[in-house]
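This is protein.txt (compact mmCIF, C-alpha atoms).
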# COMPACT_ATOMS: atom_id res chain seq x y z
CA ARG N 21 225.37 -51.43 -52.66
CA LYS N 22 223.22 -53.46 -50.33
CA ILE N 23 219.87 -54.59 -51.78
CA ILE N 24 216.98 -55.21 -49.36
CA PHE N 25 214.11 -57.23 -50.82
CA GLU N 26 211.42 -59.28 -49.06
CA LYS N 27 213.19 -59.03 -45.65
CA GLN N 28 216.37 -60.37 -47.28
CA TRP N 29 219.55 -58.37 -47.91
CA PHE N 30 222.29 -59.23 -50.38
CA TYR N 31 224.88 -57.80 -52.77
CA LEU N 32 224.56 -58.15 -56.57
CA ASP N 33 228.30 -58.16 -57.34
CA ASN N 34 228.45 -61.90 -58.06
CA ALA N 35 225.39 -61.72 -60.37
CA ILE N 36 227.26 -59.70 -63.02
CA GLY N 37 228.03 -61.83 -66.06
CA HIS N 38 225.27 -64.40 -65.51
CA THR N 39 222.27 -64.76 -67.84
CA TYR N 40 218.78 -63.59 -66.94
CA GLY N 41 216.74 -66.31 -65.28
CA THR N 42 219.65 -67.62 -63.19
CA THR N 43 218.68 -68.69 -59.66
CA PHE N 44 221.03 -67.65 -56.87
CA GLU N 45 221.33 -68.67 -53.25
CA VAL N 46 222.13 -66.02 -50.64
CA THR N 47 225.10 -67.17 -48.57
CA SER N 48 226.47 -65.72 -45.34
CA GLY N 49 227.58 -62.12 -45.79
CA GLY N 50 224.90 -61.44 -48.40
CA ASN N 51 226.87 -62.87 -51.31
CA LEU N 52 225.07 -64.57 -54.22
CA GLN N 53 226.06 -67.98 -55.53
CA PRO N 54 224.39 -69.83 -58.42
CA LYS N 55 222.15 -72.55 -57.01
CA GLN N 56 222.98 -76.12 -57.97
CA GLU N 57 220.15 -78.23 -59.35
CA VAL N 58 219.24 -80.75 -56.64
CA GLU N 59 216.61 -83.43 -57.05
CA GLU N 60 214.08 -83.07 -54.26
CA THR N 61 213.44 -86.21 -52.24
CA THR N 62 209.74 -86.74 -51.73
CA ALA N 63 210.02 -89.81 -49.50
CA GLU N 64 208.48 -87.95 -46.55
CA THR N 65 205.56 -86.64 -48.57
CA LYS N 66 204.41 -90.09 -49.72
CA GLU N 67 202.60 -90.72 -46.44
CA ALA N 68 199.57 -88.45 -46.44
CA GLY N 69 196.15 -88.28 -44.81
CA THR N 70 192.80 -88.36 -46.51
CA ASP N 71 191.51 -85.04 -45.12
CA ASN N 72 192.37 -82.32 -42.60
CA ARG N 73 189.31 -82.56 -40.37
CA ASN N 74 191.22 -83.80 -37.28
CA ILE N 75 194.05 -81.25 -37.49
CA VAL N 76 193.76 -78.46 -34.93
CA ASP N 77 195.90 -75.35 -35.36
CA ASP N 78 196.83 -74.84 -31.68
CA GLY N 79 200.47 -73.90 -32.28
CA LYS N 80 201.76 -77.04 -30.51
CA SER N 81 202.33 -79.29 -33.53
CA GLN N 82 205.89 -78.00 -34.14
CA LYS N 83 208.48 -79.34 -31.68
CA LEU N 84 211.24 -76.94 -32.81
CA THR N 85 211.05 -73.59 -31.03
CA HIS N 86 212.04 -70.20 -32.42
CA ASP N 87 215.34 -70.36 -30.52
CA ASP N 88 216.11 -73.80 -31.99
CA ILE N 89 215.58 -72.50 -35.53
CA LYS N 90 217.76 -69.47 -34.77
CA ALA N 91 220.51 -71.76 -33.46
CA LEU N 92 220.33 -73.82 -36.68
CA LYS N 93 220.71 -70.62 -38.72
CA ASP N 94 223.68 -69.49 -36.61
CA LYS N 95 225.41 -72.83 -37.26
CA GLY N 96 225.24 -72.09 -40.99
CA ILE N 97 222.76 -74.83 -41.85
CA LYS N 98 221.13 -74.25 -45.23
CA GLY N 99 217.46 -73.41 -45.63
CA GLN N 100 216.66 -76.73 -47.30
CA GLU N 101 217.92 -78.65 -44.25
CA ILE N 102 215.97 -76.38 -41.89
CA VAL N 103 212.77 -77.08 -43.86
CA GLN N 104 213.52 -80.82 -43.68
CA GLN N 105 213.92 -80.64 -39.88
CA LEU N 106 210.67 -78.68 -39.58
CA ILE N 107 208.87 -81.45 -41.52
CA GLU N 108 210.39 -84.16 -39.29
CA ASN N 109 209.48 -82.32 -36.06
CA SER N 110 205.90 -81.59 -37.10
CA THR N 111 203.40 -83.93 -35.42
CA THR N 112 200.58 -83.16 -37.87
CA PHE N 113 202.49 -83.16 -41.19
CA ARG N 114 201.76 -86.81 -42.04
CA ASP N 115 198.06 -86.39 -41.25
CA LYS N 116 197.69 -83.61 -43.83
CA THR N 117 196.54 -84.24 -47.37
CA GLU N 118 199.07 -84.29 -50.19
CA PHE N 119 197.98 -80.81 -51.33
CA ALA N 120 198.25 -79.42 -47.79
CA GLN N 121 201.75 -80.91 -47.46
CA ASP N 122 202.85 -79.24 -50.71
CA LYS N 123 201.44 -75.95 -49.47
CA TYR N 124 203.24 -76.33 -46.10
CA ILE N 125 206.61 -77.08 -47.79
CA LYS N 126 206.20 -74.15 -50.20
CA LYS N 127 205.42 -71.79 -47.33
CA LYS N 128 208.43 -72.90 -45.25
CA LYS N 129 210.76 -72.76 -48.26
CA LYS N 130 209.76 -69.18 -48.93
CA LYS N 131 210.49 -68.30 -45.31
CA TYR N 132 213.79 -70.11 -44.72
CA GLU N 133 215.34 -70.68 -48.15
CA ALA N 134 217.10 -67.52 -49.36
CA VAL N 135 216.76 -68.17 -53.10
CA ILE N 136 216.58 -65.36 -55.69
CA THR N 137 215.93 -65.51 -59.43
CA ILE N 138 216.94 -62.49 -61.50
CA VAL N 139 214.60 -61.96 -64.43
CA LYS N 140 214.74 -59.54 -67.34
CA PRO N 141 212.47 -56.52 -66.76
CA SER N 142 209.41 -56.28 -68.97
CA THR N 143 206.14 -54.37 -69.12
CA ARG N 144 204.22 -57.30 -67.65
CA ILE N 145 206.56 -57.73 -64.66
CA LEU N 146 206.86 -54.02 -63.88
CA SER N 147 203.13 -53.28 -64.23
CA THR N 148 202.25 -56.27 -62.02
CA MET N 149 204.81 -55.19 -59.43
CA TYR N 150 203.66 -51.55 -59.38
CA TYR N 151 199.98 -52.52 -59.18
CA ALA N 152 200.64 -54.94 -56.29
CA ARG N 153 202.97 -52.69 -54.27
CA GLU N 154 202.39 -49.03 -55.17
CA PRO N 155 199.17 -48.68 -57.21
CA GLY N 156 198.80 -45.01 -56.26
CA LYS N 157 201.94 -44.11 -58.20
CA ILE N 158 200.46 -45.44 -61.45
CA ASN N 159 196.89 -44.13 -60.87
CA HIS N 160 195.71 -47.71 -60.16
CA LEU N 161 196.39 -48.71 -63.78
CA ARG N 162 196.00 -52.50 -63.87
CA TYR N 163 198.22 -54.59 -66.14
CA ASP N 164 195.37 -55.86 -68.33
CA THR N 165 194.15 -52.28 -68.84
CA LEU N 166 197.67 -51.24 -69.88
CA ALA N 167 197.75 -54.14 -72.37
CA GLN N 168 194.47 -52.94 -73.89
CA MET N 169 195.82 -49.40 -74.16
CA LEU N 170 198.80 -50.64 -76.20
CA THR N 171 196.48 -52.62 -78.47
CA LEU N 172 193.81 -49.95 -78.94
CA GLY N 173 196.51 -47.32 -79.55
CA ASN N 174 198.05 -49.47 -82.32
CA ILE N 175 201.53 -49.11 -80.81
CA ARG N 176 204.10 -50.52 -83.24
CA ALA N 177 207.58 -49.86 -84.59
CA GLY N 178 207.92 -46.78 -86.79
CA ASN N 179 205.04 -44.85 -85.20
CA LYS N 180 205.12 -41.22 -84.15
CA MET N 181 203.35 -41.31 -80.78
CA ILE N 182 202.27 -38.63 -78.31
CA VAL N 183 202.21 -39.86 -74.70
CA MET N 184 200.81 -37.86 -71.81
CA GLU N 185 201.02 -39.78 -68.54
CA THR N 186 201.54 -39.33 -64.81
CA CYS N 187 202.14 -43.02 -64.06
CA ALA N 188 205.83 -42.69 -63.04
CA GLY N 189 206.88 -43.46 -66.62
CA LEU N 190 205.33 -46.94 -66.77
CA VAL N 191 203.10 -46.20 -69.78
CA LEU N 192 205.99 -44.47 -71.55
CA GLY N 193 208.24 -47.50 -70.92
CA ALA N 194 205.55 -49.86 -72.23
CA VAL N 195 205.23 -47.82 -75.44
CA MET N 196 209.02 -47.67 -75.87
CA GLU N 197 209.32 -51.43 -75.37
CA ARG N 198 206.69 -52.21 -78.00
CA MET N 199 208.17 -49.75 -80.52
CA GLY N 200 211.62 -51.32 -80.07
CA GLY N 201 213.60 -48.13 -80.67
CA TYR N 202 212.03 -47.41 -84.09
CA GLY N 203 209.90 -44.31 -84.60
CA SER N 204 209.58 -41.28 -82.34
CA ILE N 205 207.81 -40.58 -79.07
CA ILE N 206 206.83 -37.14 -77.75
CA GLN N 207 206.21 -37.13 -74.00
CA MET N 208 204.02 -34.29 -72.75
CA TYR N 209 204.74 -33.47 -69.12
CA PRO N 210 203.32 -31.16 -66.44
CA GLY N 211 205.53 -29.16 -64.10
CA GLY N 212 209.28 -28.68 -64.35
CA GLY N 213 210.26 -31.91 -66.08
CA PRO N 214 209.19 -35.43 -67.07
CA VAL N 215 209.08 -38.22 -64.46
CA ARG N 216 210.63 -41.48 -65.71
CA ALA N 217 211.24 -43.56 -62.57
CA ALA N 218 209.61 -46.70 -64.00
CA THR N 219 211.08 -46.10 -67.48
CA SER N 220 214.61 -46.36 -66.08
CA CYS N 221 213.74 -49.80 -64.61
CA PHE N 222 213.31 -51.27 -68.11
CA GLY N 223 217.04 -51.01 -68.81
CA PHE N 224 216.63 -49.68 -72.35
CA PRO N 225 219.78 -49.03 -74.42
CA LYS N 226 220.74 -45.46 -75.35
CA LEU N 227 219.32 -45.97 -78.85
CA PHE N 228 215.78 -46.04 -77.40
CA PHE N 229 216.21 -42.59 -75.84
CA ASP N 230 217.60 -40.96 -79.01
CA ASN N 231 214.09 -40.73 -80.49
CA LEU N 232 212.38 -39.74 -77.22
CA HIS N 233 211.34 -36.07 -77.04
CA GLU N 234 209.61 -34.10 -74.31
CA PHE N 235 207.40 -31.01 -74.39
CA PRO N 236 205.81 -29.10 -71.47
CA LEU N 237 202.02 -28.94 -71.26
CA SER N 238 202.24 -25.28 -70.29
CA LYS N 239 203.42 -24.38 -73.82
CA VAL N 240 200.79 -26.38 -75.77
CA ASP N 241 198.32 -23.46 -75.97
CA SER N 242 201.00 -21.06 -77.21
CA LEU N 243 202.08 -23.63 -79.83
CA LEU N 244 198.51 -24.02 -81.10
CA SER N 245 197.93 -20.26 -81.21
CA GLY N 246 201.27 -19.62 -82.97
CA THR N 247 202.77 -17.51 -80.17
CA PHE N 248 205.26 -20.16 -79.02
CA SER N 249 208.77 -18.82 -78.37
CA THR N 250 211.86 -19.87 -76.44
CA GLU N 251 213.14 -16.38 -75.63
CA THR N 252 213.14 -17.16 -71.94
CA LEU N 253 215.98 -19.63 -72.49
CA PRO N 254 219.49 -18.52 -73.56
CA SER N 255 220.47 -18.65 -77.22
CA GLU N 256 223.25 -20.65 -78.84
CA PRO N 257 226.63 -20.51 -77.04
CA GLU N 258 228.32 -19.09 -80.20
CA ASP N 259 225.86 -16.18 -80.15
CA ASN N 260 226.62 -15.70 -76.50
CA ALA N 261 230.38 -15.53 -77.06
CA LEU N 262 230.47 -11.73 -76.76
CA ALA N 263 228.24 -11.82 -73.72
CA GLU N 264 230.44 -14.45 -72.13
CA GLU N 265 233.54 -12.38 -72.92
CA SER N 266 231.93 -9.31 -71.42
CA ASN N 267 230.92 -11.37 -68.42
CA GLY N 268 234.49 -12.64 -68.27
CA LEU N 269 235.80 -9.05 -68.39
CA THR N 270 233.49 -7.96 -65.62
CA GLU N 271 234.49 -11.03 -63.64
CA GLU N 272 238.17 -10.21 -64.24
CA LYS N 273 237.53 -6.64 -63.11
CA GLN N 274 235.85 -7.97 -59.99
CA ILE N 275 238.77 -10.34 -59.43
CA SER N 276 241.28 -7.51 -59.93
CA LEU N 277 239.30 -5.32 -57.53
CA GLN N 278 239.24 -8.16 -55.03
CA GLU N 279 242.97 -8.68 -55.51
CA THR N 280 243.70 -4.94 -55.01
CA GLU N 281 241.54 -4.99 -51.89
CA GLU N 282 243.37 -8.07 -50.68
CA GLU N 283 246.73 -6.44 -51.46
CA SER N 284 245.73 -3.28 -49.61
CA THR N 285 244.58 -5.30 -46.63
CA THR N 286 247.82 -7.35 -46.64
CA GLU N 287 249.88 -4.12 -46.91
CA THR N 288 248.11 -2.55 -43.95
CA ALA N 289 248.48 -5.79 -42.05
CA MET N 290 252.24 -5.81 -42.81
CA GLU N 291 252.56 -2.17 -41.70
CA ILE N 292 250.81 -2.97 -38.45
CA ASN N 293 252.40 -6.38 -37.89
CA GLN N 294 255.92 -5.97 -39.21
CA THR N 295 257.13 -8.84 -37.03
CA GLU N 296 254.73 -11.35 -38.60
CA GLU N 297 256.23 -14.80 -39.37
CA GLN N 298 256.74 -16.22 -42.88
CA ASP N 299 254.25 -19.08 -42.45
CA THR N 300 251.34 -16.66 -41.97
CA MET N 301 252.22 -15.07 -45.34
CA ASP N 302 252.22 -18.53 -46.90
CA ILE N 303 248.76 -19.14 -45.46
CA ASN N 304 247.54 -15.83 -46.96
CA ALA N 305 248.96 -16.83 -50.35
CA GLU N 306 247.17 -20.18 -50.10
CA ASP N 307 243.91 -18.37 -49.28
CA VAL N 308 244.29 -16.22 -52.40
CA GLU N 309 244.92 -19.34 -54.50
CA LEU N 310 241.87 -21.04 -53.01
CA LYS N 311 239.70 -18.02 -53.83
CA GLU N 312 241.01 -17.93 -57.40
CA ASN N 313 240.26 -21.65 -57.78
CA LYS N 314 236.74 -21.15 -56.47
CA GLU N 315 236.14 -18.27 -58.86
CA LYS N 316 237.40 -20.40 -61.75
CA GLN N 317 235.09 -23.23 -60.70
CA ASN N 318 232.17 -20.81 -60.54
CA LYS N 319 232.91 -19.60 -64.10
CA ASP N 320 233.05 -23.20 -65.32
CA ASN N 321 229.77 -23.98 -63.57
CA VAL N 322 228.08 -20.97 -65.20
CA ARG N 323 229.31 -22.03 -68.65
CA GLU N 324 228.17 -25.62 -68.05
CA LYS N 325 224.76 -24.38 -66.93
CA GLN N 326 224.45 -22.19 -70.03
CA ARG N 327 225.45 -25.11 -72.25
CA LYS N 328 222.80 -27.36 -70.68
CA GLN N 329 220.15 -24.64 -71.05
CA TRP N 330 221.06 -24.20 -74.71
CA GLU N 331 220.80 -27.96 -75.32
CA ARG N 332 217.42 -27.98 -73.61
CA ARG N 333 216.27 -25.06 -75.78
CA LYS N 334 217.49 -26.82 -78.92
CA LYS N 335 215.56 -30.01 -78.01
CA LEU N 336 212.45 -27.96 -77.23
CA ILE N 337 212.59 -26.28 -80.66
CA GLU N 338 213.00 -29.70 -82.36
CA THR N 339 210.01 -31.12 -80.44
CA ALA N 340 207.89 -28.08 -81.28
CA ALA N 341 208.74 -28.58 -84.97
CA LEU N 342 207.63 -32.23 -84.73
CA LEU N 343 204.33 -31.23 -83.12
CA ARG N 344 203.68 -28.47 -85.68
CA GLU N 345 203.60 -31.11 -88.41
CA LYS N 346 200.35 -32.39 -86.80
CA ASN N 347 200.86 -35.88 -88.19
CA ALA N 348 201.17 -38.01 -85.04
CA ASP N 349 200.14 -41.66 -85.50
CA GLY N 350 198.45 -41.96 -82.11
CA LEU N 351 197.76 -40.44 -78.71
CA ILE N 352 197.92 -42.08 -75.28
CA VAL N 353 196.64 -40.20 -72.21
CA ALA N 354 196.87 -41.69 -68.71
CA SER N 355 197.09 -38.95 -66.12
CA LYS N 356 195.69 -37.78 -62.80
CA PHE N 357 194.35 -34.61 -64.47
CA HIS N 358 190.92 -34.16 -66.00
CA PRO N 359 191.09 -35.76 -69.47
CA THR N 360 188.76 -33.39 -71.38
CA PRO N 361 191.00 -30.29 -71.81
CA LEU N 362 194.06 -32.50 -72.30
CA LEU N 363 192.47 -34.58 -75.04
CA LEU N 364 190.86 -31.66 -76.89
CA ALA N 365 194.21 -29.83 -77.02
CA LEU N 366 196.42 -32.80 -77.91
CA LEU N 367 194.08 -34.18 -80.61
CA GLU N 368 195.07 -31.16 -82.72
CA PHE N 369 198.50 -32.76 -83.25
CA VAL N 370 197.13 -36.16 -84.37
CA ALA N 371 196.70 -36.99 -88.06
CA PRO N 372 193.29 -38.17 -89.36
CA SER N 373 192.39 -41.87 -89.22
CA ARG N 374 194.61 -42.45 -86.18
CA PRO N 375 193.64 -44.04 -82.84
CA PHE N 376 193.64 -42.38 -79.42
CA VAL N 377 193.21 -43.92 -75.96
CA VAL N 378 192.44 -42.15 -72.67
CA TYR N 379 192.72 -43.86 -69.30
CA CYS N 380 191.07 -42.64 -66.10
CA GLN N 381 190.60 -44.31 -62.75
CA TYR N 382 187.01 -43.04 -62.60
CA LYS N 383 184.14 -43.19 -65.07
CA GLU N 384 182.60 -39.71 -64.68
CA PRO N 385 185.46 -37.63 -66.22
CA LEU N 386 185.50 -39.94 -69.25
CA LEU N 387 181.71 -39.60 -69.65
CA GLU N 388 182.14 -35.83 -69.80
CA CYS N 389 185.00 -36.28 -72.26
CA TYR N 390 182.82 -38.57 -74.39
CA THR N 391 180.03 -35.97 -74.51
CA LYS N 392 182.42 -33.14 -75.45
CA LEU N 393 183.95 -35.20 -78.27
CA ARG N 394 180.50 -36.05 -79.67
CA GLU N 395 179.60 -32.33 -79.68
CA ARG N 396 182.95 -31.32 -81.23
CA GLY N 397 183.07 -34.00 -83.92
CA GLY N 398 186.19 -35.11 -85.71
CA VAL N 399 186.15 -38.57 -84.07
CA ILE N 400 184.43 -41.87 -84.79
CA ASN N 401 184.11 -45.27 -83.11
CA LEU N 402 184.04 -43.77 -79.62
CA LYS N 403 184.00 -46.49 -76.95
CA LEU N 404 184.01 -46.28 -73.17
CA SER N 405 184.98 -49.64 -71.61
CA GLU N 406 185.89 -51.29 -68.34
CA THR N 407 187.64 -54.67 -68.07
CA TRP N 408 186.72 -57.30 -65.54
CA LEU N 409 189.68 -59.41 -64.47
CA ARG N 410 189.84 -62.53 -62.30
CA ASN N 411 192.92 -64.64 -61.63
CA TYR N 412 192.74 -68.43 -61.63
CA GLN N 413 194.97 -70.95 -59.91
CA VAL N 414 195.73 -73.69 -62.44
CA LEU N 415 197.17 -76.79 -60.74
CA PRO N 416 196.48 -80.52 -61.14
CA ASP N 417 193.14 -81.44 -59.49
CA ARG N 418 192.86 -78.04 -57.77
CA SER N 419 192.23 -75.37 -60.41
CA HIS N 420 189.87 -72.68 -59.17
CA PRO N 421 189.36 -68.90 -59.23
CA LYS N 422 191.41 -66.95 -56.69
CA LEU N 423 189.38 -65.88 -53.68
CA THR N 424 190.72 -62.31 -53.77
CA MET N 425 190.47 -60.15 -56.88
CA SER N 426 190.86 -56.46 -57.73
CA GLY N 427 187.78 -54.28 -57.52
CA GLY N 428 188.48 -52.34 -60.70
CA GLY N 429 191.22 -51.54 -63.16
CA GLY N 430 190.00 -48.16 -64.36
CA TYR N 431 188.19 -47.08 -67.53
CA LEU N 432 189.28 -46.55 -71.14
CA LEU N 433 187.92 -44.14 -73.74
CA SER N 434 189.10 -44.98 -77.24
CA GLY N 435 188.31 -43.71 -80.72
CA ILE N 436 189.66 -42.84 -84.17
CA THR N 437 190.28 -39.34 -85.52
CA VAL N 438 188.76 -38.10 -88.78
CA VAL N 439 189.06 -34.83 -90.68
CA LEU N 440 187.17 -32.10 -88.84
CA ASP N 441 185.73 -29.67 -91.42
CA LYS N 442 185.62 -26.37 -89.54
CA GLY N 443 184.65 -24.27 -92.58
CA LYS N 444 180.98 -25.16 -92.69
CA SER N 445 178.62 -23.14 -90.55
CA ASP N 446 175.38 -24.30 -88.97
CA SER N 447 173.27 -22.58 -91.64
CA SER N 448 175.07 -24.35 -94.49
CA ASN N 449 174.59 -27.64 -92.66
CA LEU N 450 170.87 -26.87 -92.40
CA GLU N 451 170.66 -26.04 -96.11
CA GLY N 452 172.41 -29.31 -96.94
CA LEU N 453 169.93 -31.12 -94.71
CA LYS N 454 167.02 -29.51 -96.54
CA MET N 455 168.40 -30.53 -99.92
CA GLU N 456 169.23 -34.11 -98.98
CA GLU N 457 166.28 -35.04 -96.76
CA PRO N 458 163.02 -36.42 -98.22
CA SER N 459 160.15 -33.94 -98.66
CA SER N 460 158.20 -35.28 -95.67
CA LYS N 461 161.11 -34.77 -93.31
CA ARG N 462 161.98 -31.42 -94.93
CA CYS N 463 158.52 -30.12 -94.09
CA LYS N 464 158.95 -31.11 -90.47
CA VAL N 465 162.30 -29.28 -90.29
CA GLN N 466 160.73 -26.16 -91.82
CA ASP N 467 157.80 -26.32 -89.39
CA LEU N 468 160.20 -26.56 -86.47
CA HIS N 469 162.16 -23.47 -87.58
CA CYS N 470 158.99 -21.49 -88.24
Could you show the structure in this file as C-alpha cells?
Amino acid sequence: RKIIFEKQWFYLDNAIGHTYGTTFEVTSGGNLQPKQEVEETTAETKEAGTDNRNIVDDGKSQKLTHDDIKALKDKGIKGQEIVQQLIENSTTFRDKTEFAQDKYIKKKKKKYEAVITIVKPSTRILSTMYYAREPGKINHLRYDTLAQMLTLGNIRAGNKMIVMETCAGLVLGAVMERMGGYGSIIQMYPGGGPVRAATSCFGFPKLFFDNLHEFPLSKVDSLLSGTFSTETLPSEPEDNALAEESNGLTEEKQISLQETEEESTTETAMEINQTEEQDTMDINAEDVELKENKEKQNKDNVREKQRKQWERRKKLIETAALLREKNADGLIVASKFHPTPLLLALLEFVAPSRPFVVYCQYKEPLLECYTKLRERGGVINLKLSETWLRNYQVLPDRSHPKLTMSGGGGYLLSGITVVLDKGKSDSSNLEGLKMEEPSSKRCKVQDLHC
C-alpha cells in the first residue's frame, strides 16, 4: 500500500529483505532504492562570512523561482543537484557564516532530497514520536517519565506484572520489550476490550503475546469479593454439543419448512403458469441453492462465534486464576481515570515487598492517592515526583540548550508494598502503644483519652 509520511509518498515493497538502518532514496513512482554512499563536496562552503549582520531576509536572494524548481523536478533531476543549484543561485550564501551555511544546506536537503532511513522500532522511538505528534493519546506521558516508570517498577525478565493503562498500548509495549518474552503480564482494561495500537507497532514475535493476559476492570470487584463467575459466556463446545445438535435440528426443521413453503409456492406457480419456460425453473433452482448456501454459512458463522466466545471465556478463567494467587511482582498504572480507586483495588493482587508506580498528568489526584495510602497502610517509601527535562544541542562550538522545551511530563507516585495486618483493631494498637511508650508519654496518652 501507499505510505504517506512527511509530505512524501512511497511504497515499501523494495525495502523487504534489507537490514534495519538502511537509507533509501525515493525514486519516481514512489519506489525505494538503497542510497549509494557519496562523498559530499564542500568546495562551495569553504568561502564563508564572519557574521550575518548585513544579510537581509527580503526574499530576493534566491534567483531560482518556484516554477524553475518545479521544472527541475519534472526533468527528473535528483534532490542533491537541486540543492546544489539553489546554493549557486543564492546571492547571500557566501556571506553567511559557516554554521549558517550548514543550517541552510540541511534545511534544503530535508525539503528537496527524498531520503528515508528505516529504523527498528523501540520504546524510545515510539514514545518520542507519540509525544511529539499525538500526546493526547498517551495522556501526555513524556519519554523520560516512561523510562522512570520502568525503572521504579523494577521491570525485568521473569516478572509477573499487572499493567493498567490507557496510553494506546505504549506502556504495555515498553513493559513487554523490557521483559523480553519471559514472565507474564496481566493487562487490566476498561470497556469492551484492550487497546493495543502502539503495542502492535513494536513488531513483537508471537512468543511475546503467549504470556500476555487481559482482564476487565468491571470484574475486579467481583473477583475480590469471591462472586466472580463467567456464566454469561457460553461453556465449552463439547458441553454444548447437544445444544448445537438441537439447534441444528431446529434449523433443519426451519429449512424443511422453508423448503415445503418454497415447493408449495413453486407448485402453485406451475399450476398458474403452466407455459413457463425451462430457464425460469433453473433460476428458481439456483435461488434455492443460494439460500441453502447462505443458511450453511450462517450456521458456520454461529459455530465460529461460539468457539471464539469459549476461547475468550477460557482465557478469562486462566487470568482470574493468576490474579487469585495475589503474588504479582509489580503494578504499573497510567490511565486517564482517577488513580485512587484503581490503585486500592489492584494492590490487593500484588505480593508484599513489591514496587508499584502510578502515573497521572496532574498532581492533585496523586496527592489524594498519597493521602489514602498513608491512611490505609500496607505501603512504604511513598514518593511523589516530577521530572524536569531540557534538551541540549551538542555540536562543535555551538552546544546550547534548546530554546523550546516541554512544560511538564506528568507526575509519578511510587512505593513498595508490605504486609497489611488487618487483624489488629484500634484498641489493641492503643494497648500496644501504652505498653511500649515511656511512662511520661503514656501519661499524656491517658490524659488525652480521659
Review point. Mind pulling up the distance from atom CA of N:Asn109 to atom CA of N:Asp88?
Key: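 Straight-line distance from atom CA of N:Asp88 to atom CA of N:Asn109 works out to 11.5 Å.
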Point to revise | Contacts of N:Leu244 at 10 Å (only C-alpha atoms; same-chain gap of 3+ positions) as a PyMOL selection string | key: chain N and resi 239-241+247-248+343-344+365-366+368-369
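Nearest-residue note for N:Leu393: choosing from N:Ser238, N:Ser434, N:Ser405, N:Asn347, the minimum distance belongs to N:Ser434, counting all atoms listed in the file.
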Check your understanding: Given the choices N:Val103, N:Leu404, N:Met199, N:Leu409, which gets closest to N:Leu386 if the distance is worked out from all atoms listed in the file?
Key ->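 Among the listed residues, the smallest separation from N:Leu386 belongs to N:Leu404.
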Practice item. Using only C-alpha atoms, give me every residue within 10 Å of (218.0, -68.6, -55.9) in file coordinates, as a list in words. Key: Gly41, Thr42, Thr43, Phe44, Glu45, Val46, Leu52, Gln53, Pro54, Lys55, Gln56, Glu133, Ala134, Val135, Ile136, Thr137 and Ile138 of chain N
Review point. Hey, what's within 10 Å of N:Asn174 if we count all atoms listed in the file and toss same-chain stuff fewer than 2 positions away? As JSON, numbers by chain, please?
Key: {"N": [168, 169, 170, 171, 172, 176, 177, 179, 181, 349, 350, 351, 374, 375, 376, 377]}
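For the pair atom CA of N:Gly212 and atom CA of N:Glu331, the separation is 15.9 Å.
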Exercise for review: Figure out the distance between atom CA of N:Thr165 and atom CA of N:Arg410, please, to one decimal in Å.
Suggested key: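 Computing it gives 12.9 Å between the two atoms.
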